[in-house]
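**Student:** Here it is, the structure, as C-alpha cells.
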Amino acid sequence: IKDGQEVMVPVEELMIGDIVLVKPGQSIPSDGIVVEGYSYVDESMLTGESMPVEKHVDDKVIGATMNKQGAFKFKVTTTNENSTLSKIISLVEEASNSKAPMASLADKVSSIFVPTVMVIAAVAFVVWLLVGKTFSFSLSIGIAVLVISCPCALGLATPVAIMVGTGKAAENGILIRNATGLENAHKVDHIVLDKTGTITEGKPRVSDIVSDQLTKIELLAIVTALEKTSEHPLALAFKEEGEKRNVTVLPVTDFEAKTGFGITGNIEGTAYSIGNIRLMEQLGIHENAYTKRAEALAKSGKTVMYVAKDREVIGITAVFDHIKESSYHAIDELHRLGIKITMLTGDNRLSANALKDQLHLDEIIAEAMPEDKEKKIRELQAEHHFVAMVGDGINDAPALSSADVGIAIGAGSDIAIDSADVILMKSDLNDVVTTIALSNKVVRNIKQNLFWAFFYNCIGIPLAAGLLYPMFQLKLNPMFGALAMSLSSVCVVTNALRLRFFKTTTIENKERKEEIKMKKTVYIEGMMCAHCQSRVKEALNNIPGVKADVDLDNKLARIELSTDISDGKIKEAVEDAGYKVTGIE
C-alpha cells in the first residue's frame with residue numbers, strides 16, 4: 001500500500017517498513033507485524049500446528065504461510081534474505097554440506113586388493129623361474145593367479161545387494177534416494193518423529209459430541225447449522241461431520257461471529273451460542289455441568305467448544321487431529337526393535353502429551369520451531385545416537401538433512417522430500433519399520449557376499465600360486481581358474497537376488513499373529529442407558545479384529561481380539577463415541 005493506493009510489486013522489491021495487503025487465500029510474502037484487520041493463518045508448513053492460528057493487530061506473521069480467511073495489512077519487518085523461510089533454507093544447505101558421504105567398504109578393499117594380486121602374480125612368476133621351472137610353467141602360474149582372483153566378486157557384493165534392495169523398497173512404496181540411506185538405516189537406535197501429518201492425519205475432525213439434554217444428532221444439527229455460516233477453519237470439521245451423519249440443517253438468522261470467542265445465531269427463534277469458555281463468561285455462564293468433562297477433553301489435546309441455548313450450556317463438542325491407524329503398530333514395532341522414539345512438534349503441549357500417553361512415546365518436545373528440531377538431532381548425535389528423522393513439512397527439512405537418515409512422508413512438502421534419504425510414498429509409519437528391516441537384510445547380504453569373496457580368494461590365490469605343487473604336485477590350470485572366478489561371481493549375484501523374497505514387516509507380523517486370540521476388559525464411565533450401551537458396542541466392534549460385548553450394569557466391555565491392537569486405539573474408539581475409559585485390563 002503506497003500513498004493509500006494498492007500497487008502490485010515483485011516480492012524482491014519489498015523493503016522493511018512497507019505495508020502489504022494480504023487477501024484471503026493468498027500466501028504471506030514476507031515476515032511482518034499485523035497493523036490492521038484480523039484473520040486465520042495456516043502456519044502448518046512452518047510450525048507443524050494443525051489448526052490455523054488467529055492473527056490480530058500486533059501479531060507476527062511469517063512469510064510463505066497461507067492466509068485462510070480475512071484480509072489484513074502487515075508491516076514488513078525483514079527482507080527476504082533474512083526471513084524465517086530463508087533461514088530454514090540456510091539450515092538445510094549447511095546440514096547437507098556437513099554430512100560426509102559413506103565410503104564403500106568394497107571400493108576401499110578393491111583399491112588394495114587389485115595391486116596386491118598383481119604383485120603376488122609377478123612374485124610367483126619370478127620365484128618359479130628362479131627355482132628352475134620353465135618360462136611356460138612360470139607364466140602359467142602367474143596367469144592363474146591373475147585369473148582366479150576375483151575383485152569382481154568384491155565389486156559386485158555391495159552394488160548388486162543395494163540395487164536389489166532399492167528395487168524391493170520401491171515395490172513397497174519406499175523410494176531410496178541414495179545408497180547411503182539404505183545402508184545406514186540398520187544402525188538407527190533413536191527415531192525423531194514429527195506429529196502433524198506423520199503420526200496424525202493432519203486433518204481436524206469432530207471427536208466428541210456430549211449432551212445430557214439432547215441426542216448427539218440433535219446437538220450436531222444445531223452446531224452444523226451455525227457453523228455452516230461461519231468461515232472459521234474448525235467449521236469445516238463440523239460441516240463434514242454433519243454431511244456424514246445426514247443431519248437436517250435448519251436456517252440461521254442474526255448470525256454473528258465473535259472473533260476470538262465463537263459464534264451466535266438464532267434457530268427457529270431461539271438464541272444459540274458456540275464458543276470457548278470466554279464466550280460463556282460473556283454470556284454470564286461461569287459454572288456449568290460440563291466444565292469437568294470439557295477440562296478432561298482439553299487435557300487430551302482436543303479443541304473444546306461449549307454449546308449454549310439462551311443462557312444455559314446444553315452440551316460440548318471437541319475437534320481432534322486423529323492418529324493414523326498405522327502409527328500404533330509402527331511405534332510398537334520400533335520399540336520391539338529396541339529403538340527409542342522422540343516426538344518433536346510445533347503443536348501445543350496438551351496435544352503432544354495426549355499422544356505420548358496413547359502411543360507410549362519415550363520423549364516429547366512440544367512447541368518446537370524448525371531450528372529446535374535440528375538442534376535436538378545434533379544433541380542426540382552428540383550423545384552417540386544414530387538418529388533417523390521422520391517428517392513431512394518445510395519445518396522438518398533442516399532436521400531431515402542433519403539426521404543420519406532422513407525419512408520424508410511422501411505427501412509432504414517438496415523441500416522435505418529433497419532433504420531426505422528415504423521417501424515413504426504411502427505416508428505410512430509402518431514403512432519406517434520396513435525400511436529398517438530391509439536395511440538389515442541388505443547389510444547382512446553384503447557382509448555374506450564380502451565374506452564369500454574373501455574366503456574364495458584366500459583359498460584360490462595360494463592354490464593358483466603353486467603353494468601345493470612342491471608337496472602334492474598340484475597346479476591350477478588357468479582355464480579352471482577362469483571357471484572358478486566366474487562361479488564366484490555367480491554365487492555373489494545369486495545371494496544378492498535372494499533379497500527379492502524379502503517380506504515387509506507388516507506381512508511378517510500378520511503371519512506371526514494370525515492365530516492370536518486375546519481378551520481384555522475395558523472399564524467405561526458415562527454409560528447411562530441402553531442407547532449408550534449400543535453406542536459403545538458399535539464403536540468397539542467397528543475396530544477391525546475386535547468382537548465386543550458391553551455390560552451396562554457393571555460399566556464395562558469385554559472384548560476379544562483376533563489381532564494385536566493397542567490399548568490407545570481401543571481407548572480412542574470409546575472416547576470418540578463420547579465416553580471415558582477409566583482402565584483396560
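We name chains A, B, ... following the order of the C-alpha cells; residues begin at 1 in each chain, and ligands are numbered from 1 as shown.
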DSSP on the backbone: which residues in stretch 233-303 of chain A end up as alpha helix (DSSP H)? Give the answer as a PDB file with N, CA and C atoms, in the first residue's frame.
**Tutor:**
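Resulting contents of out.pdb:
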```pdb
ATOM      1  N   ALA A 235     -14.876 -24.842  11.399  1.00  0.00           N
ATOM      2  CA  ALA A 235     -16.247 -25.053  10.921  1.00  0.00           C
ATOM      3  C   ALA A 235     -16.321 -26.178   9.899  1.00  0.00           C
ATOM      4  N   LEU A 236     -15.258 -26.324   9.103  1.00  0.00           N
ATOM      5  CA  LEU A 236     -15.245 -27.361   8.071  1.00  0.00           C
ATOM      6  C   LEU A 236     -15.395 -28.753   8.679  1.00  0.00           C
ATOM      7  N   ALA A 237     -14.780 -28.972   9.855  1.00  0.00           N
ATOM      8  CA  ALA A 237     -14.881 -30.279  10.505  1.00  0.00           C
ATOM      9  C   ALA A 237     -16.329 -30.598  10.850  1.00  0.00           C
ATOM     10  N   PHE A 238     -17.074 -29.584  11.317  1.00  0.00           N
ATOM     11  CA  PHE A 238     -18.478 -29.803  11.680  1.00  0.00           C
ATOM     12  C   PHE A 238     -19.351 -29.963  10.437  1.00  0.00           C
ATOM     13  N   LYS A 239     -19.048 -29.215   9.402  1.00  0.00           N
ATOM     14  CA  LYS A 239     -19.804 -29.364   8.155  1.00  0.00           C
ATOM     15  C   LYS A 239     -19.653 -30.790   7.613  1.00  0.00           C
ATOM     16  N   GLU A 240     -18.420 -31.303   7.630  1.00  0.00           N
ATOM     17  CA  GLU A 240     -18.178 -32.661   7.133  1.00  0.00           C
ATOM     18  C   GLU A 240     -18.871 -33.702   8.009  1.00  0.00           C
ATOM     19  N   GLU A 241     -18.847 -33.478   9.333  1.00  0.00           N
ATOM     20  CA  GLU A 241     -19.491 -34.421  10.243  1.00  0.00           C
ATOM     21  C   GLU A 241     -21.004 -34.410  10.041  1.00  0.00           C
ATOM     22  N   GLY A 242     -21.558 -33.198   9.824  1.00  0.00           N
ATOM     23  CA  GLY A 242     -22.989 -33.084   9.588  1.00  0.00           C
ATOM     24  C   GLY A 242     -23.413 -33.789   8.311  1.00  0.00           C
ATOM     25  N   GLU A 243     -22.613 -33.629   7.252  1.00  0.00           N
ATOM     26  CA  GLU A 243     -22.915 -34.305   5.985  1.00  0.00           C
ATOM     27  C   GLU A 243     -22.800 -35.824   6.133  1.00  0.00           C
ATOM     28  N   LYS A 244     -21.799 -36.240   6.898  1.00  0.00           N
ATOM     29  CA  LYS A 244     -21.581 -37.670   7.112  1.00  0.00           C
ATOM     30  C   LYS A 244     -22.769 -38.319   7.808  1.00  0.00           C
ATOM     31  N   ILE A 277     -14.672 -20.974  26.549  1.00  0.00           N
ATOM     32  CA  ILE A 277     -15.140 -20.631  27.894  1.00  0.00           C
ATOM     33  C   ILE A 277     -15.292 -19.121  28.061  1.00  0.00           C
ATOM     34  N   ARG A 278     -14.490 -18.357  27.322  1.00  0.00           N
ATOM     35  CA  ARG A 278     -14.597 -16.893  27.430  1.00  0.00           C
ATOM     36  C   ARG A 278     -15.930 -16.387  26.873  1.00  0.00           C
ATOM     37  N   LEU A 279     -16.444 -17.049  25.830  1.00  0.00           N
ATOM     38  CA  LEU A 279     -17.755 -16.672  25.301  1.00  0.00           C
ATOM     39  C   LEU A 279     -18.837 -16.982  26.329  1.00  0.00           C
ATOM     40  N   MET A 280     -18.722 -18.126  26.995  1.00  0.00           N
ATOM     41  CA  MET A 280     -19.699 -18.476  28.021  1.00  0.00           C
ATOM     42  C   MET A 280     -19.693 -17.444  29.152  1.00  0.00           C
ATOM     43  N   GLU A 281     -18.515 -16.993  29.528  1.00  0.00           N
ATOM     44  CA  GLU A 281     -18.417 -15.984  30.594  1.00  0.00           C
ATOM     45  C   GLU A 281     -19.027 -14.663  30.150  1.00  0.00           C
ATOM     46  N   GLN A 282     -18.877 -14.329  28.858  1.00  0.00           N
ATOM     47  CA  GLN A 282     -19.522 -13.124  28.327  1.00  0.00           C
ATOM     48  C   GLN A 282     -21.041 -13.213  28.452  1.00  0.00           C
ATOM     49  N   THR A 291     -18.212 -28.486  32.749  1.00  0.00           N
ATOM     50  CA  THR A 291     -16.871 -27.932  32.948  1.00  0.00           C
ATOM     51  C   THR A 291     -15.808 -29.012  33.095  1.00  0.00           C
ATOM     52  N   LYS A 292     -16.058 -29.977  33.972  1.00  0.00           N
ATOM     53  CA  LYS A 292     -15.048 -31.018  34.220  1.00  0.00           C
ATOM     54  C   LYS A 292     -14.813 -31.878  32.985  1.00  0.00           C
ATOM     55  N   ARG A 293     -15.913 -32.199  32.277  1.00  0.00           N
ATOM     56  CA  ARG A 293     -15.751 -33.003  31.075  1.00  0.00           C
ATOM     57  C   ARG A 293     -14.981 -32.230  29.989  1.00  0.00           C
ATOM     58  N   ALA A 294     -15.242 -30.917  29.921  1.00  0.00           N
ATOM     59  CA  ALA A 294     -14.525 -30.081  28.948  1.00  0.00           C
ATOM     60  C   ALA A 294     -13.043 -30.010  29.287  1.00  0.00           C
ATOM     61  N   GLU A 295     -12.723 -29.898  30.581  1.00  0.00           N
ATOM     62  CA  GLU A 295     -11.321 -29.851  31.000  1.00  0.00           C
ATOM     63  C   GLU A 295     -10.614 -31.159  30.674  1.00  0.00           C
ATOM     64  N   ALA A 296     -11.320 -32.272  30.868  1.00  0.00           N
ATOM     65  CA  ALA A 296     -10.719 -33.581  30.565  1.00  0.00           C
ATOM     66  C   ALA A 296     -10.415 -33.706  29.075  1.00  0.00           C
ATOM     67  N   LEU A 297     -11.331 -33.208  28.235  1.00  0.00           N
ATOM     68  CA  LEU A 297     -11.095 -33.260  26.792  1.00  0.00           C
ATOM     69  C   LEU A 297      -9.937 -32.349  26.394  1.00  0.00           C
ATOM     70  N   ALA A 298      -9.864 -31.171  27.036  1.00  0.00           N
ATOM     71  CA  ALA A 298      -8.785 -30.228  26.733  1.00  0.00           C
ATOM     72  C   ALA A 298      -7.429 -30.806  27.113  1.00  0.00           C
ATOM     73  N   LYS A 299      -7.387 -31.538  28.230  1.00  0.00           N
ATOM     74  CA  LYS A 299      -6.124 -32.146  28.669  1.00  0.00           C
ATOM     75  C   LYS A 299      -5.675 -33.250  27.721  1.00  0.00           C
TER      76      LYS A 299
END
```
**Student:** Where does DSSP see strand (DSSP E) in stretch 137-223 of chain A, if you list the residues as a list of chain:residue names?
**Tutor:**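 Residues meeting the strand (DSSP E) criterion: A:Ile174, A:Leu175, A:Ile176, A:His190, A:Ile191, A:Val192, A:Leu193, A:Thr200, A:Glu201, A:Gly202, A:Lys203, A:Pro204, A:Arg205, A:Val206, A:Ser207, A:Asp208, A:Ile209, A:Val210.
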**Student:** Enter the distance from atom CA of A:Glu54 to atom CA of A:Lys258, in Å, rounded to one decimal.
**Tutor:**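 Between atom CA of A:Glu54 and atom CA of A:Lys258 the gap is 12.4 Å.
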**Student:** Tell me which protein, DNA and RNA residues are within 9 Å of A:Leu424, counting only C-alpha atoms, leaving out same-chain ones fewer than 4 positions away, and put them as a compact mmCIF listing (two decimals) with C-alpha atoms, in the first residue's frame.
**Tutor:**
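Okay, selection_13.txt is ready:
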```
# COMPACT_ATOMS: atom_id res chain seq x y z
CA GLY A 173 6.23 -47.74 -1.88
CA ILE A 174 9.59 -46.75 -0.35
CA LEU A 175 11.87 -44.63 -2.52
CA ILE A 176 15.58 -44.71 -1.65
CA ILE A 407 12.85 -40.09 6.08
CA ALA A 408 10.20 -37.93 4.41
CA ILE A 409 6.49 -38.62 4.19
CA GLY A 410 5.57 -38.74 0.50
CA ALA A 411 2.55 -36.48 0.94
CA ASP A 428 2.63 -44.88 6.44
CA LEU A 429 4.87 -45.16 9.52
CA ASP A 431 7.21 -48.27 6.14
CA VAL A 432 9.81 -46.87 8.56
```
**Student:** Skipping near chain neighbours, those fewer than 6 positions away, what residues fall within 12 Å of A:Ser300 using only C-alpha atoms, listed as a PyMOL selection string?
**Tutor:** chain A and resi 207-208+293-294+318-322+348-358+571-572+575-576+580
**Student:** At what distance in Å, to one decimal, does atom CA of A:Asp396 lie from atom CA of A:Glu183?
**Tutor:**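 Distance between the two atoms: 22.3 Å.
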**Student:** Considering only C-alpha atoms, state which residue in the set A:Gly70, A:Pro24, A:Gly197, A:Gly460 is at the smallest distance from A:Glu36.
**Tutor:**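 Under the stated criterion, the closest residue is A:Gly70.
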**Student:** Just give me the gap between atom CA of A:Ile341 and atom CA of A:Leu182 in Å, one decimal is fine.
**Tutor:**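 Separation between atom CA of A:Ile341 and atom CA of A:Leu182: 19.7 Å.
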**Student:** Report as a PyMOL selection string all protein, DNA and RNA residues lying within 10 Å of A:Asp567, evaluated on only C-alpha atoms, omitting residues in the same chain fewer than 6 positions from it.
**Tutor:** chain A and resi 328+358-359+520+522+583-585
**Student:** Selection from above, N, CA, C and O atoms, as a short mmCIF file (atom, residue, chain, number, x, y, z; two decimals), in the first residue's frame, can you write it?
**Tutor:**
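Everything below was put into selection_7.cif:
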```cif
data_model
loop_
_atom_site.label_atom_id
_atom_site.label_comp_id
_atom_site.auth_asym_id
_atom_site.auth_seq_id
_atom_site.Cartn_x
_atom_site.Cartn_y
_atom_site.Cartn_z
N TYR A 328 0.04 -46.73 15.58
CA TYR A 328 0.07 -47.58 16.77
C TYR A 328 0.99 -48.77 16.55
O TYR A 328 1.90 -49.05 17.33
N GLN A 358 -0.90 -42.15 24.70
CA GLN A 358 -1.58 -43.12 23.84
C GLN A 358 -0.62 -44.03 23.10
O GLN A 358 -0.88 -45.22 22.91
N LEU A 359 0.52 -43.46 22.69
CA LEU A 359 1.45 -44.22 21.85
C LEU A 359 2.67 -44.72 22.60
O LEU A 359 3.53 -45.37 22.02
N LYS A 520 -9.71 -58.77 26.65
CA LYS A 520 -9.47 -57.61 27.50
C LYS A 520 -10.79 -57.11 28.08
O LYS A 520 -11.86 -57.32 27.49
N VAL A 522 -12.58 -53.58 29.34
CA VAL A 522 -12.47 -52.12 29.26
C VAL A 522 -13.49 -51.50 30.20
O VAL A 522 -14.69 -51.74 30.08
N GLY A 583 -9.99 -47.57 32.58
CA GLY A 583 -8.98 -48.61 32.72
C GLY A 583 -9.18 -49.72 31.72
O GLY A 583 -10.29 -49.97 31.25
N ILE A 584 -8.07 -50.40 31.38
CA ILE A 584 -8.11 -51.56 30.47
C ILE A 584 -7.26 -52.67 31.07
O ILE A 584 -6.10 -52.44 31.43
N GLU A 585 -7.85 -53.85 31.21
CA GLU A 585 -7.10 -54.99 31.74
C GLU A 585 -7.11 -56.15 30.74
O GLU A 585 -8.11 -56.40 30.10
#
```
**Student:** What's around stretch 140-150 of chain A at 10 Å? Count only C-alpha atoms, leave out sequence neighbours fewer than 6 positions away in its own chain, and write the answer as an MDAnalysis selection string.
**Tutor:** chainID A and resid 110 113:114 117:126 128 134 453:454 456:466 475:486 488:489
**Student:** From the list A:Thr270, A:Thr229, A:Thr264, A:Thr504, which residue is nearest A:Val249 when using only C-alpha atoms?
**Tutor:** A:Thr229
**Student:** Can you pull out the residues contacting A:Asn430? Cut-off 12 Å, using only C-alpha atoms, and skip same-chain residues under 4 positions away; I want them as a ChimeraX atom specification.
**Tutor:** /A:172-174,198-199,324-334,390,409,424-426,434-437,504-507,509
**Student:** For the residues in the current selection, export N, CA, C and O atoms as a compact mmCIF listing (two decimals), in the first residue's frame.
**Tutor:**
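As a result, again39.txt now contains:
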```txt
# COMPACT_ATOMS: atom_id res chain seq x y z
N ASN A 172 7.42 -51.71 -2.48
CA ASN A 172 6.62 -51.49 -1.28
C ASN A 172 6.35 -50.01 -1.01
O ASN A 172 5.98 -49.62 0.10
N GLY A 173 6.54 -49.16 -2.03
CA GLY A 173 6.23 -47.74 -1.88
C GLY A 173 7.26 -46.96 -1.10
O GLY A 173 6.96 -45.90 -0.56
N ILE A 174 8.51 -47.46 -1.06
CA ILE A 174 9.59 -46.75 -0.35
C ILE A 174 10.65 -46.38 -1.37
O ILE A 174 11.24 -47.25 -2.01
N THR A 198 2.45 -36.85 10.18
CA THR A 198 3.33 -38.01 10.26
C THR A 198 2.73 -39.07 11.16
O THR A 198 2.41 -40.18 10.73
N ILE A 199 2.52 -38.71 12.43
CA ILE A 199 1.83 -39.62 13.35
C ILE A 199 0.32 -39.46 13.19
O ILE A 199 -0.42 -40.44 13.20
N LYS A 324 -3.10 -41.68 12.96
CA LYS A 324 -3.21 -42.68 11.89
C LYS A 324 -3.25 -44.08 12.50
O LYS A 324 -2.55 -44.37 13.47
N GLU A 325 -4.06 -44.93 11.93
CA GLU A 325 -4.17 -46.30 12.43
C GLU A 325 -2.82 -47.01 12.39
O GLU A 325 -2.48 -47.80 13.28
N SER A 326 -2.02 -46.72 11.40
CA SER A 326 -0.73 -47.39 11.25
C SER A 326 0.28 -46.96 12.31
O SER A 326 1.25 -47.69 12.58
N SER A 327 0.06 -45.79 12.92
CA SER A 327 1.05 -45.27 13.87
C SER A 327 1.18 -46.17 15.10
O SER A 327 2.27 -46.35 15.64
N TYR A 328 0.04 -46.73 15.58
CA TYR A 328 0.07 -47.58 16.77
C TYR A 328 0.99 -48.77 16.55
O TYR A 328 1.90 -49.05 17.33
N HIS A 329 0.74 -49.50 15.47
CA HIS A 329 1.51 -50.71 15.19
C HIS A 329 2.98 -50.38 14.91
O HIS A 329 3.89 -51.06 15.39
N ALA A 330 3.22 -49.30 14.14
CA ALA A 330 4.59 -48.94 13.76
C ALA A 330 5.43 -48.62 14.99
O ALA A 330 6.58 -49.07 15.11
N ILE A 331 4.88 -47.84 15.91
CA ILE A 331 5.64 -47.45 17.10
C ILE A 331 5.87 -48.65 18.01
O ILE A 331 6.95 -48.81 18.60
N ASP A 332 4.89 -49.54 18.11
CA ASP A 332 5.10 -50.77 18.88
C ASP A 332 6.23 -51.60 18.28
O ASP A 332 7.06 -52.15 19.00
N GLU A 333 6.26 -51.69 16.95
CA GLU A 333 7.29 -52.47 16.28
C GLU A 333 8.67 -51.85 16.46
O GLU A 333 9.67 -52.54 16.67
N LEU A 334 8.73 -50.51 16.41
CA LEU A 334 10.02 -49.82 16.60
C LEU A 334 10.54 -50.05 18.01
O LEU A 334 11.75 -50.25 18.22
N VAL A 390 11.85 -38.44 10.91
CA VAL A 390 10.71 -38.67 10.03
C VAL A 390 9.82 -37.44 10.07
O VAL A 390 9.34 -37.06 11.13
N ILE A 409 7.81 -38.12 4.56
CA ILE A 409 6.49 -38.62 4.19
C ILE A 409 6.18 -38.14 2.77
O ILE A 409 6.31 -36.96 2.46
N LEU A 424 8.68 -42.09 1.91
CA LEU A 424 7.61 -43.06 2.09
C LEU A 424 6.39 -42.61 1.29
O LEU A 424 5.65 -41.72 1.70
N MET A 425 6.18 -43.23 0.13
CA MET A 425 5.14 -42.77 -0.77
C MET A 425 3.74 -43.00 -0.21
O MET A 425 2.80 -42.31 -0.56
N LYS A 426 3.58 -44.01 0.66
CA LYS A 426 2.25 -44.31 1.21
C LYS A 426 1.97 -43.52 2.49
O LYS A 426 0.91 -43.68 3.09
N THR A 434 9.69 -51.13 7.91
CA THR A 434 10.10 -51.91 6.74
C THR A 434 11.46 -51.47 6.23
O THR A 434 12.31 -52.30 5.86
N THR A 435 11.70 -50.15 6.21
CA THR A 435 12.99 -49.62 5.75
C THR A 435 14.14 -50.14 6.61
O THR A 435 15.18 -50.56 6.09
N ILE A 436 13.94 -50.11 7.92
CA ILE A 436 14.98 -50.59 8.84
C ILE A 436 15.20 -52.09 8.66
O ILE A 436 16.34 -52.57 8.62
N ALA A 437 14.12 -52.85 8.54
CA ALA A 437 14.23 -54.30 8.36
C ALA A 437 14.92 -54.63 7.04
O ALA A 437 15.78 -55.52 6.98
N THR A 504 7.65 -57.59 3.85
CA THR A 504 7.55 -56.43 4.73
C THR A 504 7.21 -56.88 6.13
O THR A 504 6.66 -57.96 6.35
N THR A 505 7.53 -56.03 7.10
CA THR A 505 7.26 -56.37 8.50
C THR A 505 5.77 -56.50 8.75
O THR A 505 5.34 -57.26 9.61
N THR A 506 4.96 -55.76 7.96
CA THR A 506 3.51 -55.85 8.13
C THR A 506 3.02 -57.25 7.78
O THR A 506 2.21 -57.84 8.50
N ILE A 507 3.55 -57.82 6.67
CA ILE A 507 3.16 -59.18 6.27
C ILE A 507 3.66 -60.20 7.28
O ILE A 507 2.94 -61.09 7.71
N ASN A 509 4.38 -59.71 10.38
CA ASN A 509 3.66 -59.57 11.64
C ASN A 509 2.27 -60.21 11.54
O ASN A 509 1.81 -60.86 12.47
```
